[in-house]
$ cat structure.txt   # compact mmCIF, C-alpha atoms
# COMPACT_ATOMS: atom_id res chain seq x y z
CA MET V 1 54.21 41.11 130.13
CA ASP V 2 54.59 38.25 132.57
CA PHE V 3 57.91 36.49 132.10
CA ARG V 4 57.38 33.86 134.78
CA ILE V 5 57.96 30.53 133.09
CA THR V 6 55.26 27.88 133.01
CA GLU V 7 55.51 24.58 134.83
CA GLU V 8 56.12 22.81 131.51
CA GLN V 9 58.94 25.21 130.63
CA GLU V 10 60.48 24.79 134.07
CA LEU V 11 60.41 21.01 133.75
CA MET V 12 61.99 21.25 130.28
CA VAL V 13 64.84 23.42 131.54
CA GLN V 14 65.34 21.10 134.51
CA ALA V 15 65.47 18.03 132.24
CA ILE V 16 68.05 19.69 129.98
CA GLU V 17 70.31 20.72 132.85
CA GLU V 18 70.04 17.29 134.47
CA ALA V 19 70.86 15.50 131.21
CA MET V 20 73.83 17.75 130.47
CA THR V 21 75.19 17.45 134.03
CA ARG V 22 74.71 13.67 134.13
CA GLU V 23 76.60 13.12 130.89
CA ASN V 24 79.49 15.51 131.73
CA LEU V 25 79.82 16.43 128.08
CA GLU V 26 82.54 19.07 128.30
CA PRO V 27 85.46 16.65 127.59
CA TYR V 28 83.44 15.32 124.65
CA PHE V 29 82.84 18.83 123.32
CA GLN V 30 86.57 19.51 123.60
CA ASP V 31 87.33 16.44 121.49
CA CYS V 32 84.73 17.36 118.89
CA ASP V 33 86.10 20.88 118.70
CA LYS V 34 89.66 19.61 118.34
CA ASN V 35 88.75 17.03 115.70
CA HIS V 36 86.24 19.23 113.83
CA THR V 37 83.43 16.70 114.21
CA HIS V 38 79.71 17.06 114.82
CA PRO V 39 78.73 16.23 118.45
CA GLU V 40 76.52 13.24 117.66
CA LYS V 41 76.33 12.13 121.28
CA TRP V 42 74.87 15.49 122.32
CA TRP V 43 72.58 15.46 119.27
CA GLU V 44 71.07 12.16 120.44
CA ILE V 45 70.40 13.67 123.88
CA LEU V 46 68.57 16.58 122.25
CA LYS V 47 66.50 14.12 120.24
CA GLU V 48 65.59 12.15 123.37
CA LEU V 49 64.54 15.38 125.08
CA GLY V 50 62.29 16.24 122.15
CA CYS V 51 64.18 19.42 121.35
CA PHE V 52 63.91 18.94 117.58
CA SER V 53 60.18 18.32 117.25
CA MET V 54 59.01 20.75 119.93
CA PHE V 55 59.80 23.85 117.87
CA LEU V 56 58.31 22.65 114.60
CA PRO V 57 54.88 24.05 113.67
CA GLU V 58 51.90 22.00 114.82
CA GLU V 59 50.86 21.44 111.20
CA ALA V 60 54.22 19.80 110.43
CA GLU V 61 54.30 15.99 110.41
CA GLY V 62 56.99 13.41 110.90
CA GLU V 63 57.16 10.05 109.15
CA ASP V 64 54.79 8.49 111.67
CA GLY V 65 52.34 11.37 111.58
CA GLU V 66 53.77 12.96 114.73
CA PRO V 67 52.81 16.66 114.82
CA GLY V 68 55.22 19.44 115.65
CA GLY V 69 55.22 20.75 119.19
CA GLY V 70 54.39 24.30 118.17
CA GLU V 71 56.51 25.81 120.96
CA GLY V 72 57.35 29.45 120.48
CA ALA V 73 60.24 31.85 120.87
CA VAL V 74 60.09 32.23 124.66
CA THR V 75 60.50 28.48 125.11
CA MET V 76 63.22 28.51 122.45
CA PHE V 77 65.07 31.18 124.43
CA LEU V 78 64.79 29.19 127.68
CA VAL V 79 66.07 26.01 126.00
CA MET V 80 69.03 27.80 124.42
CA GLU V 81 69.77 29.51 127.73
CA ALA V 82 69.85 26.15 129.53
CA LEU V 83 71.99 24.50 126.85
CA GLY V 84 74.30 27.49 126.59
CA ARG V 85 74.81 27.61 130.36
CA CYS V 86 76.12 24.03 130.13
CA GLY V 87 78.68 24.91 127.45
CA ALA V 88 76.89 23.26 124.53
CA PRO V 89 77.60 24.38 120.94
CA ILE V 90 74.17 25.97 120.58
CA TYR V 91 75.19 27.63 117.31
CA LEU V 92 74.26 24.28 115.73
CA PHE V 93 70.67 24.44 116.99
CA TRP V 94 68.67 26.50 114.49
CA ASP V 95 67.69 24.35 111.48
CA HIS V 96 64.03 24.17 112.51
CA VAL V 97 63.71 27.83 111.45
CA LYS V 98 63.58 26.57 107.85
CA ALA V 99 60.38 24.60 108.50
CA ASP V 100 58.03 27.60 108.43
CA ALA V 101 59.19 28.67 104.96
CA LEU V 102 58.99 25.06 103.75
CA LEU V 103 55.37 24.77 104.89
CA GLU V 104 54.43 28.13 103.42
CA ASN V 105 56.14 27.85 100.04
CA GLY V 106 57.00 24.21 99.41
CA THR V 107 55.04 21.79 97.27
CA LYS V 108 53.44 18.77 98.93
CA GLU V 109 56.22 16.59 97.51
CA GLN V 110 58.91 18.88 98.92
CA ILE V 111 57.23 19.05 102.33
CA ASP V 112 56.79 15.26 102.47
CA LYS V 113 60.43 14.80 101.46
CA PHE V 114 62.16 17.23 103.80
CA MET V 115 59.89 17.82 106.80
CA PRO V 116 60.38 14.39 108.45
CA LEU V 117 64.13 15.05 108.51
CA PHE V 118 63.65 18.00 110.86
CA PHE V 119 61.93 15.72 113.37
CA LYS V 120 65.05 13.54 113.42
CA GLY V 121 67.36 16.49 114.00
CA ASN V 122 68.75 16.30 110.49
CA GLY V 123 69.44 19.48 108.58
CA ALA V 124 67.24 18.39 105.66
CA PHE V 125 68.94 20.87 103.34
CA ALA V 126 71.61 23.55 103.39
CA GLN V 127 70.83 27.12 102.36
CA GLY V 128 72.89 28.49 99.46
CA PHE V 129 72.51 32.25 99.41
CA SER V 130 75.92 33.87 99.83
CA GLU V 131 78.63 33.88 97.18
CA PRO V 132 82.13 35.36 96.91
CA THR V 133 80.46 38.48 95.47
CA ALA V 134 77.26 38.36 97.54
CA GLY V 135 77.16 38.31 101.32
CA THR V 136 74.80 40.52 103.25
CA GLU V 137 73.52 42.18 100.07
CA LEU V 138 71.67 39.70 97.89
CA SER V 139 70.46 41.05 94.55
CA SER V 140 70.52 40.32 90.83
CA ASN V 141 73.65 42.48 90.66
CA THR V 142 75.59 40.43 93.21
CA ILE V 143 74.29 36.86 92.62
CA LEU V 144 76.27 35.22 89.83
CA THR V 145 74.92 31.65 90.12
CA THR V 146 72.55 30.98 87.22
CA TYR V 147 69.86 28.56 86.13
CA THR V 148 69.31 27.77 82.46
CA ARG V 149 66.46 25.83 80.87
CA ARG V 150 67.41 23.41 78.12
CA ASN V 151 65.64 20.39 76.63
CA GLY V 152 63.04 20.24 79.39
CA LYS V 153 65.62 20.34 82.18
CA VAL V 154 67.14 23.07 84.37
CA TYR V 155 70.91 23.46 84.76
CA ILE V 156 72.61 25.19 87.70
CA ASN V 157 76.02 26.84 87.38
CA GLY V 158 77.87 28.90 89.96
CA HIS V 159 79.79 29.10 93.22
CA LYS V 160 78.26 29.35 96.70
CA HIS V 161 80.38 30.51 99.64
CA PHE V 162 80.14 30.16 103.46
CA ILE V 163 77.41 27.48 103.28
CA SER V 164 76.75 25.93 106.69
CA GLY V 165 76.14 22.20 106.94
CA ALA V 166 76.56 21.37 103.25
CA GLN V 167 78.77 18.34 103.95
CA ASP V 168 75.96 16.65 105.88
CA ASN V 169 73.11 17.47 103.50
CA ASP V 170 72.20 15.97 100.16
CA TYR V 171 70.46 19.15 98.98
CA CYS V 172 71.14 22.85 98.97
CA LEU V 173 68.32 25.39 98.64
CA THR V 174 70.13 27.51 96.09
CA LEU V 175 69.45 31.11 95.10
CA ALA V 176 70.15 31.62 91.40
CA LYS V 177 69.23 34.07 88.66
CA ASN V 178 67.63 33.30 85.34
CA SER V 179 70.31 33.32 82.65
CA GLU V 180 67.74 34.65 80.18
CA ASN V 181 66.17 37.18 82.55
CA PRO V 182 68.79 38.14 85.19
CA GLU V 183 66.30 40.18 87.22
CA GLN V 184 64.56 36.94 88.24
CA LEU V 185 66.04 35.40 91.39
CA THR V 186 64.63 31.96 92.13
CA LEU V 187 65.26 29.24 94.72
CA TRP V 188 65.90 25.64 93.71
CA PHE V 189 66.49 22.42 95.65
CA VAL V 190 69.78 21.32 94.10
CA PRO V 191 71.35 17.91 94.91
CA THR V 192 74.94 18.20 96.11
CA ASN V 193 76.14 14.58 95.98
CA VAL V 194 75.96 14.30 92.20
CA PRO V 195 78.38 14.70 89.31
CA GLY V 196 78.91 18.36 88.57
CA CYS V 197 78.75 19.43 92.22
CA LYS V 198 81.87 19.90 94.30
CA LYS V 199 81.93 20.66 98.03
CA GLU V 200 84.97 21.75 100.01
CA PRO V 201 85.14 22.55 103.74
CA MET V 202 86.45 25.98 104.65
CA GLU V 203 89.03 26.75 107.32
CA LYS V 204 87.52 28.74 110.19
CA MET V 205 88.58 30.59 113.31
CA GLY V 206 85.88 28.84 115.36
CA LEU V 207 82.65 26.85 114.99
CA ASN V 208 84.74 23.71 114.69
CA MET V 209 81.77 21.43 115.34
CA GLU V 210 79.97 22.78 112.28
CA ASN V 211 81.10 22.39 108.68
CA VAL V 212 81.08 25.46 106.46
CA ASN V 213 81.66 24.97 102.77
CA ASP V 214 82.32 26.25 99.33
CA ILE V 215 80.03 24.65 96.75
CA TRP V 216 80.59 24.68 92.99
CA PHE V 217 77.82 23.78 90.54
CA ASP V 218 78.83 22.82 87.02
CA GLU V 219 75.85 22.00 84.82
CA VAL V 220 74.01 20.28 87.68
CA GLU V 221 70.79 18.96 86.18
CA ILE V 222 67.49 19.39 88.05
CA GLU V 223 63.77 19.38 87.26
CA GLU V 224 61.19 22.16 87.16
CA SER V 225 59.60 20.45 90.16
CA ASP V 226 62.70 21.35 92.19
CA MET V 227 61.73 25.03 92.16
CA PHE V 228 60.90 26.41 95.62
CA SER V 229 57.98 28.86 95.70
CA PHE V 230 57.52 30.51 92.30
CA GLU V 231 59.86 32.00 89.74
CA GLY V 232 61.29 35.37 90.72
CA ASN V 233 60.30 34.95 94.38
CA GLY V 234 63.72 33.81 95.53
CA LEU V 235 64.33 36.49 98.13
CA MET V 236 60.77 36.85 99.42
CA ALA V 237 60.22 33.10 99.86
CA THR V 238 62.49 32.99 102.91
CA SER V 239 62.53 36.63 104.02
CA LYS V 240 59.91 36.08 106.73
CA GLY V 241 62.29 33.69 108.43
CA PHE V 242 65.18 36.16 108.50
CA ASP V 243 63.80 38.12 111.46
CA TYR V 244 63.28 35.01 113.59
CA GLU V 245 66.68 33.68 112.52
CA ARG V 246 68.29 36.91 113.70
CA LEU V 247 66.46 36.66 117.01
CA ILE V 248 67.78 33.11 117.41
CA ASP V 249 71.26 34.41 116.54
CA ALA V 250 70.83 36.71 119.53
CA PHE V 251 69.70 33.78 121.72
CA ASN V 252 72.83 31.93 120.65
CA ALA V 253 75.11 34.85 121.50
CA TYR V 254 73.49 35.27 124.90
CA GLY V 255 73.60 31.55 125.76
CA GLN V 256 77.29 31.19 124.99
CA ALA V 257 78.14 34.43 126.80
CA LEU V 258 76.19 33.24 129.85
CA CYS V 259 78.44 30.18 130.09
CA ALA V 260 81.62 32.30 129.86
CA TYR V 261 80.24 34.73 132.45
CA GLU V 262 79.33 32.06 134.99
CA ASP V 263 82.64 30.23 134.52
CA ALA V 264 84.50 33.49 135.16
CA CYS V 265 82.45 34.24 138.27
CA ARG V 266 83.09 30.78 139.69
CA TYR V 267 86.80 31.11 138.94
CA ALA V 268 86.93 34.52 140.66
CA ASN V 269 85.59 32.86 143.83
CA GLN V 270 88.05 29.96 143.65
CA ARG V 271 91.34 31.47 142.50
CA ILE V 272 93.48 32.45 145.50
CA VAL V 273 96.22 35.08 145.18
CA LYS V 274 98.09 36.35 148.24
CA GLY V 275 95.68 34.60 150.54
CA GLN V 276 92.40 35.87 149.10
CA GLU V 277 90.00 35.17 146.25
CA ILE V 278 90.65 37.35 143.22
CA GLY V 279 86.96 38.22 143.26
CA ARG V 280 87.73 40.50 146.21
CA LEU V 281 89.94 42.68 144.02
CA GLN V 282 88.24 45.79 142.71
CA LEU V 283 89.67 45.51 139.21
CA ILE V 284 88.29 41.96 138.93
CA GLN V 285 84.97 43.21 140.31
CA ASN V 286 84.90 45.75 137.50
CA HIS V 287 85.00 42.88 134.97
CA ILE V 288 82.25 41.08 136.88
CA MET V 289 80.06 44.19 136.92
CA GLU V 290 80.54 44.88 133.20
CA MET V 291 79.54 41.31 132.38
CA THR V 292 76.58 41.29 134.75
CA MET V 293 75.07 44.47 133.32
CA LYS V 294 75.25 43.09 129.79
CA ILE V 295 73.88 39.67 130.78
CA GLU V 296 70.89 41.26 132.53
CA ALA V 297 70.23 43.67 129.66
CA MET V 298 70.42 40.89 127.07
CA ARG V 299 68.12 38.57 128.99
CA ASN V 300 65.46 41.22 129.52
CA MET V 301 65.60 42.35 125.90
CA LEU V 302 65.40 38.82 124.53
CA LEU V 303 62.47 37.78 126.70
CA HIS V 304 60.67 40.94 125.58
CA TYR V 305 61.33 40.34 121.88
CA ALA V 306 60.62 36.59 122.19
CA TRP V 307 57.25 37.49 123.70
CA ASN V 308 56.67 39.85 120.78
CA LYS V 309 57.49 37.05 118.33
CA ASP V 310 55.04 34.70 120.03
CA ASN V 311 52.37 37.41 119.87
CA ASN V 312 53.02 38.26 116.20
CA CYS V 313 54.32 41.76 116.87
CA LEU V 314 58.10 41.36 116.51
CA THR V 315 59.34 44.09 114.18
CA ARG V 316 62.23 43.90 111.76
CA ALA V 317 63.95 46.66 113.72
CA GLU V 318 63.66 44.66 116.96
CA ALA V 319 65.18 41.57 115.35
CA SER V 320 68.13 43.63 114.11
CA ILE V 321 68.52 45.46 117.44
CA ALA V 322 68.58 42.14 119.28
CA LYS V 323 71.18 40.63 116.98
CA GLN V 324 73.38 43.71 117.01
CA PHE V 325 73.23 44.35 120.76
CA CYS V 326 73.63 40.72 121.80
CA SER V 327 76.43 39.89 119.39
CA GLU V 328 78.43 42.94 120.51
CA SER V 329 77.66 42.37 124.20
CA ALA V 330 78.43 38.65 124.06
CA ASN V 331 81.84 39.27 122.51
CA ASP V 332 82.58 41.85 125.22
CA ILE V 333 81.55 39.37 127.91
CA ALA V 334 83.78 36.64 126.50
CA ASP V 335 86.69 39.08 126.51
CA HIS V 336 86.06 40.09 130.14
CA ALA V 337 85.67 36.43 131.15
CA LEU V 338 88.94 35.49 129.49
CA GLN V 339 90.68 38.36 131.28
CA VAL V 340 89.33 37.26 134.66
CA MET V 341 90.51 33.69 134.08
CA GLY V 342 93.89 34.72 132.74
CA GLY V 343 96.17 31.99 131.44
CA ILE V 344 93.83 29.17 132.42
CA GLY V 345 91.13 30.84 130.36
CA TYR V 346 93.35 31.09 127.31
CA CYS V 347 94.81 27.60 127.56
CA GLY V 348 92.22 24.88 127.19
CA SER V 349 89.18 26.23 129.00
CA ARG V 350 85.79 26.27 127.32
CA VAL V 351 85.85 30.05 127.63
CA SER V 352 88.58 30.13 124.99
CA ARG V 353 86.38 28.02 122.70
CA ILE V 354 83.42 30.30 123.33
CA TYR V 355 85.62 33.33 122.63
CA ARG V 356 86.45 31.92 119.19
CA ASP V 357 82.93 30.75 118.42
CA LEU V 358 81.26 34.02 119.37
CA ARG V 359 83.21 36.19 116.96
CA ILE V 360 81.13 35.03 114.01
CA THR V 361 77.94 36.38 115.62
CA ARG V 362 78.89 39.90 114.53
CA ILE V 363 79.12 38.71 110.92
CA SER V 364 76.78 35.80 110.16
CA GLY V 365 73.07 36.30 109.55
CA GLY V 366 73.78 39.86 108.44
CA THR V 367 76.70 41.90 109.72
CA GLY V 368 76.43 44.37 112.54
CA GLU V 369 76.72 47.14 110.01
CA ILE V 370 73.67 46.01 108.04
CA GLN V 371 71.68 45.49 111.27
CA THR V 372 72.41 49.13 112.10
CA VAL V 373 71.12 50.23 108.69
CA ILE V 374 67.95 48.12 108.97
CA ALA V 375 67.09 49.20 112.51
CA SER V 376 67.98 52.88 112.18
CA ARG V 377 65.83 53.26 109.05
CA GLN V 378 62.84 51.80 110.90
CA VAL V 379 63.45 53.99 113.94
CA LEU V 380 63.79 57.18 111.90
CA LYS V 381 60.50 56.48 110.09
CA LYS V 382 58.68 56.82 113.41
CA TYR V 383 59.79 60.42 113.78
CA LYS V 384 59.04 61.78 110.29

$ encode --input "structure.txt" --output "structure tokens"
Amino acid sequence: MDFRITEEQELMVQAIEEAMTRENLEPYFQDCDKNHTHPEKWWEILKELGCFSMFLPEEAEGEDGEPGGGEGAVTMFLVMEALGRCGAPIYLFWDHVKADALLENGTKEQIDKFMPLFFKGNGAFAQGFSEPTAGTELSSNTILTTYTRRNGKVYINGHKHFISGAQDNDYCLTLAKNSENPEQLTLWFVPTNVPGCKKEPMEKMGLNMENVNDIWFDEVEIEESDMFSFEGNGLMATSKGFDYERLIDAFNAYGQALCAYEDACRYANQRIVKGQEIGRLQLIQNHIMEMTMKIEAMRNMLLHYAWNKDNNCLTRAEASIAKQFCSESANDIADHALQVMGGIGYCGSRVSRIYRDLRITRISGGTGEIQTVIASRQVLKKYK
């Protein structure tokens, strides 16, 4: 494997770092975090850089017929690394993962309706899987949201929980079970700005620049044409995207941790106590070493697995290993970085924001516990 980046990738990383440095966005990110608002100014910069279209499949088309860039996971990693290093809220940058499933399972009408939105950096639709009774484990036993056919229409009833981006989207791709045949789990594009649908933002520890919502459906009327994939294929229709989504979760954890790590290292060289930089103190050096080992291990692992993804050999176990290792390591790094920076780290620095934002990485996209189950089962099969 040759992990030297191409000239095009190098120019992309350089353009991102120059744009982020030129704009000096950190005060803006602080305001957005404080006010719980989406960073539209940064979003426009990403659009100008082509970051939304470049990761869409080549067969995808925008409104003007523009094709997707078809860039793969290695380039995705490098972009998230560059954005993360600059303190950007890269946890927002993942919606394009939905495009593959849309192309594979959507009708022409659904593709024509939603795909152009991805090119603009819009979410296109939220994903409504989890419920108060269904988080990591999704099954006919845990999903309580139902769909019922009546008089040529379909009616959705239920409660979805922890739904990212629902406030900004007019549709939610909703997993529901057939009220007449509960074993059938099916996905439907359900409008959310209609009578019978109620959305409420949830209070969160971090991720203040992203809205996370409860959604209630009360007899929301839809058409048969709103079905995604085919009846009973609700879990399988998006399952292929779960592995890549978990790999991107790992990219996100690494990118944010990289920012905290580099801020702590710079601070250790600048902070003077008793006439010397604190970086000269062995106990501070221990924090630096612990962070450095994890940063290096994460980067090497993620480049390896990103290469596997681009070469169609990423395994489910590798996706889970990456998410588990990087989410745990990133949280450890943020803790070490905060300790190095002391009071200034806790009071107002971006490291404190990263510390809060990173904690969700051990939960969202499948908890660390379920990643352990998935990966260990795959590993043990090799030795039977």

$ residues_around --input "structure.txt" --residues "Met236 in chain V" --least-positions-apart "5" --cutoff "12 Å" --atoms "all atoms listed in the file" --output "list in words"
Ala101, Glu104, Asn105, Leu138, Ser139, Leu175, Gln184, Leu185, Thr186, Leu187, Phe228, Ser229, Phe230, Glu231, Gly241 and Phe242 of chain V

$ atom_distance --input "structure.txt" --atom1 "CA of Tyr261 in chain V" --atom2 "CA of Lys294 in chain V"
10.1 Å

$ residues_around --input "structure.txt" --residues "Tyr244 in chain V" --least-positions-apart "4" --cutoff "8 Å" --atoms "all atoms listed in the file" --output "list of chain:residue names"
V:Val97, V:Lys240, V:Ile248, V:Lys309, V:Ala319

$ closest_residue --input "structure.txt" --among "V:Arg85, V:Arg271, V:Arg356, V:Arg4" --to "Glu26 in chain V" --atoms "only C-alpha atoms"
V:Arg85

$ closest_residue --input "structure.txt" --among "V:Asn211, V:Arg150, V:Gly72, V:Lys160" --to "Gly135 in chain V" --atoms "only C-alpha atoms"
V:Lys160

$ residues_around --input "structure.txt" --residues "range 213-216 of chain V" --least-positions-apart "6" --cutoff "8 Å" --atoms "only C-alpha atoms" --output "number ranges by chain"
V: 157-167, 196-202

$ closest_residue --input "structure.txt" --among "V:Gln127, V:Thr361, V:Asn178, V:Gln14" --to "Leu207 in chain V" --atoms "only C-alpha atoms"
V:Thr361

$ closest_residue --input "structure.txt" --among "V:Ile295, V:Asp112, V:Ile344, V:Gly365" --to "Ser130 in chain V" --atoms "all atoms listed in the file"
V:Gly365

$ atom_distance --input "structure.txt" --atom1 "CA of Gly255 in chain V" --atom2 "CA of Leu83 in chain V"
7.3 Å

$ closest_residue --input "structure.txt" --among "V:Ala330, V:Ala134, V:Cys172, V:Val212" --to "Asn193 in chain V" --atoms "all atoms listed in the file"
V:Cys172

$ residues_around --input "structure.txt" --residues "Tyr171 in chain V" --least-positions-apart "2" --cutoff "7 Å" --atoms "all atoms listed in the file" --output "list of chain:residue names"
V:Phe125, V:Ala126, V:Asn169, V:Leu173, V:Phe189, V:Val190, V:Pro191, V:Thr192
